[in-house]
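Q: This one is input32.cif, mmCIF, C-alpha atoms and all ligand atoms.
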data_work
loop_
_atom_site.group_PDB
_atom_site.id
_atom_site.type_symbol
_atom_site.label_atom_id
_atom_site.label_comp_id
_atom_site.auth_asym_id
_atom_site.auth_seq_id
_atom_site.Cartn_x
_atom_site.Cartn_y
_atom_site.Cartn_z
ATOM 1 C CA MET G 1 0.000 0.000 0.000
ATOM 2 C CA ILE G 2 1.313 3.425 -0.920
ATOM 3 C CA LEU G 3 -0.768 5.374 1.630
ATOM 4 C CA PRO G 4 -0.534 4.308 5.287
ATOM 5 C CA ARG G 5 -4.218 5.216 5.860
ATOM 6 C CA ASP G 6 -7.232 7.342 4.898
ATOM 7 C CA GLY G 7 -7.242 6.588 1.176
ATOM 8 C CA GLU G 8 -5.966 4.295 -1.537
ATOM 9 C CA VAL G 9 -3.251 4.984 -4.099
ATOM 10 C CA GLU G 10 -2.000 2.401 -6.582
ATOM 11 C CA LEU G 11 0.929 2.773 -8.991
ATOM 12 C CA ILE G 12 1.085 0.695 -12.180
ATOM 13 C CA GLU G 13 4.647 1.449 -13.254
ATOM 14 C CA ARG G 14 4.537 0.002 -16.750
ATOM 15 C CA ALA G 15 1.019 0.590 -17.948
ATOM 16 C CA PHE G 16 2.591 1.416 -21.342
ATOM 17 C CA GLY G 17 5.797 0.106 -22.927
ATOM 18 C CA ALA G 18 8.625 2.604 -23.427
ATOM 19 C CA GLY G 19 8.091 2.995 -27.168
ATOM 20 C CA GLU G 20 4.325 3.264 -26.793
ATOM 21 C CA ALA G 21 4.682 5.912 -24.053
ATOM 22 C CA ALA G 22 7.113 7.952 -26.188
ATOM 23 C CA SER G 23 4.777 7.893 -29.144
ATOM 24 C CA TRP G 24 1.787 8.967 -26.976
ATOM 25 C CA PHE G 25 3.884 11.850 -25.650
ATOM 26 C CA ALA G 26 4.506 13.157 -29.187
ATOM 27 C CA ARG G 27 0.885 12.646 -30.287
ATOM 28 C CA LEU G 28 -0.505 14.447 -27.225
ATOM 29 C CA ARG G 29 2.034 17.276 -27.422
ATOM 30 C CA ASP G 30 0.998 17.920 -31.033
ATOM 31 C CA GLY G 31 -2.692 16.992 -30.860
ATOM 32 C CA ILE G 32 -4.006 18.703 -27.729
ATOM 33 C CA ASP G 33 -5.231 22.276 -27.766
ATOM 34 C CA TRP G 34 -2.846 23.475 -25.030
ATOM 35 C CA ARG G 35 -3.742 26.732 -23.296
ATOM 36 C CA GLN G 36 -1.814 29.113 -21.104
ATOM 37 C CA GLU G 37 -4.256 29.893 -18.317
ATOM 38 C CA GLU G 38 -4.076 32.774 -15.885
ATOM 39 C CA LEU G 39 -5.276 32.962 -12.303
ATOM 40 C CA ARG G 40 -6.146 36.025 -10.275
ATOM 41 C CA ILE G 41 -3.915 36.015 -7.213
ATOM 42 C CA MET G 42 -4.250 38.973 -4.849
ATOM 43 C CA GLY G 43 -5.772 41.098 -7.586
ATOM 44 C CA ARG G 44 -3.130 40.277 -10.186
ATOM 45 C CA MET G 45 -3.267 37.927 -13.165
ATOM 46 C CA VAL G 46 -0.543 35.300 -12.935
ATOM 47 C CA ALA G 47 0.278 32.673 -15.592
ATOM 48 C CA VAL G 48 -0.300 29.106 -14.401
ATOM 49 C CA PRO G 49 3.117 27.346 -14.419
ATOM 50 C CA ARG G 50 2.183 24.713 -17.020
ATOM 51 C CA LEU G 51 -0.035 24.397 -20.088
ATOM 52 C CA THR G 52 -3.460 22.818 -19.627
ATOM 53 C CA ALA G 53 -6.501 21.573 -21.507
ATOM 54 C CA TRP G 54 -9.891 20.234 -20.386
ATOM 55 C CA TYR G 55 -11.953 17.702 -22.344
ATOM 56 C CA GLY G 56 -15.228 16.218 -21.110
ATOM 57 C CA ASP G 57 -18.978 15.911 -21.618
ATOM 58 C CA HIS G 58 -19.639 18.371 -18.786
ATOM 59 C CA GLY G 59 -18.036 21.688 -17.929
ATOM 60 C CA TYR G 60 -15.714 21.886 -14.954
ATOM 61 C CA ARG G 61 -14.528 24.672 -12.684
ATOM 62 C CA TYR G 62 -11.212 24.344 -10.890
ATOM 63 C CA SER G 63 -8.769 26.893 -9.473
ATOM 64 C CA GLY G 64 -11.310 29.593 -10.267
ATOM 65 C CA VAL G 65 -11.203 28.887 -14.030
ATOM 66 C CA ASP G 66 -14.293 27.737 -15.933
ATOM 67 C CA HIS G 67 -13.861 24.996 -18.523
ATOM 68 C CA PRO G 68 -16.730 24.495 -20.955
ATOM 69 C CA PRO G 69 -17.701 20.982 -22.160
ATOM 70 C CA ARG G 70 -15.589 19.711 -25.031
ATOM 71 C CA LYS G 71 -15.541 16.366 -26.839
ATOM 72 C CA LEU G 72 -12.499 14.140 -26.257
ATOM 73 C CA THR G 73 -10.200 13.766 -29.273
ATOM 74 C CA ASP G 74 -9.900 10.253 -30.756
ATOM 75 C CA ASP G 75 -6.543 9.814 -28.995
ATOM 76 C CA LEU G 76 -7.982 10.930 -25.651
ATOM 77 C CA GLU G 77 -10.922 8.578 -26.195
ATOM 78 C CA THR G 78 -8.490 5.674 -26.745
ATOM 79 C CA LEU G 79 -6.604 6.588 -23.571
ATOM 80 C CA ARG G 80 -9.842 7.075 -21.609
ATOM 81 C CA ARG G 81 -10.787 3.471 -22.392
ATOM 82 C CA LYS G 82 -7.310 2.301 -21.393
ATOM 83 C CA ALA G 83 -7.619 4.238 -18.106
ATOM 84 C CA GLU G 84 -10.991 2.543 -17.505
ATOM 85 C CA ASP G 85 -9.442 -0.895 -18.156
ATOM 86 C CA LEU G 86 -6.528 -0.154 -15.812
ATOM 87 C CA SER G 87 -8.752 1.060 -12.965
ATOM 88 C CA GLY G 88 -12.131 -0.594 -13.429
ATOM 89 C CA ALA G 89 -13.687 2.866 -12.975
ATOM 90 C CA SER G 90 -16.030 4.679 -15.324
ATOM 91 C CA LEU G 91 -14.422 7.929 -16.557
ATOM 92 C CA ASN G 92 -15.810 10.701 -18.772
ATOM 93 C CA SER G 93 -13.408 13.636 -18.603
ATOM 94 C CA VAL G 94 -9.738 14.488 -18.615
ATOM 95 C CA LEU G 95 -7.567 17.346 -17.461
ATOM 96 C CA ALA G 96 -4.323 17.456 -19.466
ATOM 97 C CA ASN G 97 -1.210 19.110 -18.050
ATOM 98 C CA PHE G 98 2.008 19.874 -19.947
ATOM 99 C CA TYR G 99 5.075 20.496 -17.755
ATOM 100 C CA ARG G 100 7.535 22.044 -20.218
ATOM 101 C CA SER G 101 10.517 22.045 -17.833
ATOM 102 C CA GLY G 102 11.400 21.717 -14.148
ATOM 103 C CA ASP G 103 10.012 25.249 -13.635
ATOM 104 C CA ASP G 104 6.515 24.014 -14.435
ATOM 105 C CA ALA G 105 4.659 22.571 -11.462
ATOM 106 C CA MET G 106 1.322 22.126 -9.697
ATOM 107 C CA GLY G 107 0.860 23.273 -6.086
ATOM 108 C CA TRP G 108 -0.722 21.362 -3.174
ATOM 109 C CA HIS G 109 -4.380 20.591 -3.851
ATOM 110 C CA ALA G 110 -6.973 17.820 -3.776
ATOM 111 C CA ASP G 111 -9.231 16.828 -6.649
ATOM 112 C CA ASN G 112 -12.295 17.449 -4.532
ATOM 113 C CA GLU G 113 -14.573 19.576 -6.682
ATOM 114 C CA ARG G 114 -18.195 18.932 -5.944
ATOM 115 C CA GLU G 115 -18.865 17.651 -9.494
ATOM 116 C CA LEU G 116 -16.566 14.680 -8.764
ATOM 117 C CA GLY G 117 -18.724 13.348 -5.929
ATOM 118 C CA GLY G 118 -17.546 12.148 -2.522
ATOM 119 C CA GLN G 119 -15.006 9.420 -3.292
ATOM 120 C CA PRO G 120 -13.756 10.041 -6.817
ATOM 121 C CA VAL G 121 -11.477 7.667 -8.701
ATOM 122 C CA ILE G 122 -8.738 9.701 -10.413
ATOM 123 C CA VAL G 123 -6.650 7.864 -13.010
ATOM 124 C CA SER G 124 -3.429 9.646 -13.918
ATOM 125 C CA LEU G 125 -1.369 8.661 -16.973
ATOM 126 C CA SER G 126 2.136 10.105 -17.421
ATOM 127 C CA PHE G 127 4.189 10.433 -20.614
ATOM 128 C CA GLY G 128 7.640 11.919 -21.198
ATOM 129 C CA GLY G 129 10.057 12.839 -18.404
ATOM 130 C CA ALA G 130 9.707 11.531 -14.842
ATOM 131 C CA ARG G 131 8.590 13.937 -12.083
ATOM 132 C CA ARG G 132 8.135 13.567 -8.364
ATOM 133 C CA PHE G 133 4.503 13.359 -7.203
ATOM 134 C CA SER G 134 4.037 14.029 -3.485
ATOM 135 C CA LEU G 135 1.137 13.389 -1.137
ATOM 136 C CA LYS G 136 0.721 14.838 2.353
ATOM 137 C CA HIS G 137 -1.979 14.221 4.932
ATOM 138 C CA ARG G 138 -4.156 17.273 5.593
ATOM 139 C CA HIS G 139 -4.290 16.808 9.361
ATOM 140 C CA GLU G 140 -0.813 15.400 9.854
ATOM 141 C CA PRO G 141 1.604 17.120 7.459
ATOM 142 C CA ALA G 142 4.469 14.919 8.701
ATOM 143 C CA LEU G 143 2.758 12.028 6.880
ATOM 144 C CA ARG G 144 4.300 12.417 3.427
ATOM 145 C CA VAL G 145 4.663 10.053 0.490
ATOM 146 C CA ASP G 146 6.793 10.768 -2.588
ATOM 147 C CA ILE G 147 6.391 8.762 -5.786
ATOM 148 C CA GLU G 148 8.418 9.045 -8.976
ATOM 149 C CA LEU G 149 5.960 9.157 -11.903
ATOM 150 C CA ALA G 150 7.853 7.969 -14.968
ATOM 151 C CA GLY G 151 6.617 8.025 -18.556
ATOM 152 C CA GLY G 152 4.305 5.078 -19.175
ATOM 153 C CA SER G 153 3.062 4.904 -15.575
ATOM 154 C CA CYS G 154 -0.503 4.950 -14.283
ATOM 155 C CA LEU G 155 -1.396 6.222 -10.815
ATOM 156 C CA VAL G 156 -4.875 5.542 -9.423
ATOM 157 C CA MET G 157 -6.280 7.451 -6.419
ATOM 158 C CA ARG G 158 -9.478 6.137 -4.816
ATOM 159 C CA GLY G 159 -11.653 6.043 -1.724
ATOM 160 C CA ALA G 160 -11.027 8.812 0.796
ATOM 161 C CA THR G 161 -7.725 9.972 -0.769
ATOM 162 C CA GLN G 162 -9.075 13.375 -1.880
ATOM 163 C CA THR G 163 -10.706 13.981 1.511
ATOM 164 C CA TYR G 164 -7.604 13.395 3.630
ATOM 165 C CA TRP G 165 -4.618 13.980 1.352
ATOM 166 C CA LEU G 166 -3.222 16.818 -0.767
ATOM 167 C CA HIS G 167 -0.950 16.187 -3.746
ATOM 168 C CA ARG G 168 1.449 18.202 -5.881
ATOM 169 C CA ILE G 169 4.155 18.164 -8.534
ATOM 170 C CA ALA G 170 6.969 20.316 -7.116
ATOM 171 C CA ARG G 171 9.311 22.482 -9.153
ATOM 172 C CA THR G 172 12.748 20.971 -9.577
ATOM 173 C CA LYS G 173 16.198 22.317 -10.417
ATOM 174 C CA LYS G 174 17.180 18.927 -11.819
ATOM 175 C CA ALA G 175 17.264 18.666 -15.605
ATOM 176 C CA VAL G 176 13.988 16.952 -16.528
ATOM 177 C CA ASP G 177 12.407 16.159 -19.863
ATOM 178 C CA PRO G 178 9.043 17.692 -20.742
ATOM 179 C CA ARG G 179 6.144 15.728 -19.289
ATOM 180 C CA ILE G 180 2.475 15.306 -20.151
ATOM 181 C CA ASN G 181 0.028 14.079 -17.519
ATOM 182 C CA LEU G 182 -3.606 13.156 -18.145
ATOM 183 C CA THR G 183 -5.890 12.882 -15.113
ATOM 184 C CA PHE G 184 -9.085 11.086 -16.085
ATOM 185 C CA ARG G 185 -12.103 11.666 -13.849
ATOM 186 C CA ARG G 186 -15.822 11.069 -13.737
ATOM 187 C CA ILE G 187 -17.780 14.317 -13.643
ATOM 188 C CA LEU G 188 -21.351 13.832 -12.437
ATOM 189 C CA PRO G 189 -24.045 15.618 -14.450
ATOM 190 C CA HIS G 190 -24.809 19.024 -12.928
HETATM 191 O O1 LIG U 201 0.808 15.975 -13.086
HETATM 192 C C1 LIG U 201 0.415 15.208 -12.202
HETATM 193 O O2 LIG U 201 0.906 14.092 -12.022
HETATM 194 C C2 LIG U 201 -0.702 15.636 -11.284
HETATM 195 C C3 LIG U 201 -1.811 16.372 -11.975
HETATM 196 C C4 LIG U 201 -2.916 16.696 -11.024
HETATM 197 O O3 LIG U 201 -2.814 16.556 -9.834
HETATM 198 C C5 LIG U 201 -4.208 17.187 -11.532
HETATM 199 O O4 LIG U 201 -4.362 17.356 -12.758
HETATM 200 O O5 LIG U 201 -5.118 17.416 -10.723
HETATM 201 MN MN MN U 202 -4.787 16.706 -8.820
#
As a first step, turn the structure in this file into C-alpha cells.
Ligand SMILES: O=C(O)CCC(=O)C(=O)O
Ligand SMILES: [Mn+2]
A:
Amino acid sequence: MILPRDGEVELIERAFGAGEAASWFARLRDGIDWRQEELRIMGRMVAVPRLTAWYGDHGYRYSGVDHPPRKLTDDLETLRRKAEDLSGASLNSVLANFYRSGDDAMGWHADNERELGGQPVIVSLSFGGARRFSLKHRHEPALRVDIELAGGSCLVMRGATQTYWLHRIARTKKAVDPRINLTFRRILPH
C-alpha cells in the first residue's frame, strides 16, 4: 500500500511500454489544444506554471477557471478506455497538463470539486520525463509520500484519498524532460 491510511493509491509502473509511451507523448504534445491559463492572485493575473486543456462531456470549474464541455479527441478517447481498463472505474473527462521544464509545477491541492462526488477515482497517466509526485496528509503534514511518476506509468487514487490527502508536482532544479500528464475523472451531471 502506498498510503498508510485514509485513502488508496495504486501505482502501475509500466502501464505502457517505453516505445508506446514515447509515441503517446509526441501525439498528445501535437494533438491537444494546449492553453496558457491565468489565475487572479491577490488582484493580479498570474500565468499558471504549465499548459493545460480540459476535455469532457460536462463543464468543470477548478482553481477559479471555468472549462466548458468539449468532446475528447480520438486519442484521448483511446486513452480514456485504457484508463478505464486499468482502474475498473467509469471515466468521462480528462484534465491534461504539460510540464515544459522543471520550472513548471502544480501546487498542493486535492481533486475534490463537488462535481466529482464524494469518493472520486482519479486515473493519472504520465508520458515523457519523470517527475516527483508528493502526497501529504491534511491533518498530519508529517505524513508524506513521494512517488516518482515515470513516462508510461498509471497512478490511481481512490476512496477517501481526496478527503484526507493533498498532492502536488513540485518544481525541480534537476534537468527533466518535458512531461504530459492526463488525469481522467468522472464528472457527475450538474
Ligand atoms: O501531473 C500530475 O501528475 C498531477 C496532476 C494533477 O494533480 C491534476 O491534474 O489534478
Ligand atoms: Mn490533482
Q: Could you give me the residues within 7 Å of ligand LIG 201 (chain U), counting all atoms listed in the file, as a ChimeraX atom specification?
A: /G:95-97,106,111,124,126,133,167-169,181-183
Q: Work out how far CA of Ser101 in chain G is from CA of Tyr164 in chain G, in Å to one decimal.
A: 29.4 Å
Q: Kindly indicate which residue among G:His109, G:Arg179, G:Ile147, G:Phe127 lies nearest to Ala22 in chain G, using only C-alpha atoms for the distances.
A: G:Phe127
Q: If you take all atoms listed in the file and a cut-off of 8 Å, which residues of range 45-157 of chain G touch range 27-38 of chain G, and what are their nearest atom pairs and distances in Å to one decimal, in chain and number order, as a tab-separated table?
A:
residue	atom	partner	partner_atom	distance
G:Met45	CA	G:Glu38	CA	5.9
G:Val46	CA	G:Glu38	CA	5.3
G:Ala47	CA	G:Glu38	CA	4.4
G:Val48	CA	G:Glu38	CA	5.5
G:Arg50	CA	G:Gln36	CA	7.2
G:Leu51	CA	G:Gln36	CA	5.1
G:Thr52	CA	G:Arg35	CA	5.4
G:Ala53	CA	G:Trp34	CA	5.4
G:Asp75	CA	G:Leu28	CA	7.8
G:Phe98	CA	G:Trp34	CA	7.9
Q: Excluding Arg144 in chain G and any residue of its chain fewer than 6 positions from it, enumerate the residues within 7 Å of it, using only C-alpha atoms, and give them as a ChimeraX atom specification.
A: /G:135-137
Q: Please define a box with edges along x, y and z of the file around all atoms of range 51-62 of chain G given in the file, extend it by 8 Å on each side, and return its centre and edge lengths in Å to one decimal, as AutoDock Vina command-line options.
A:
--center_x -9.8 --center_y 20.3 --center_z -16.6 --size_x 35.6 --size_y 24.8 --size_z 27.5
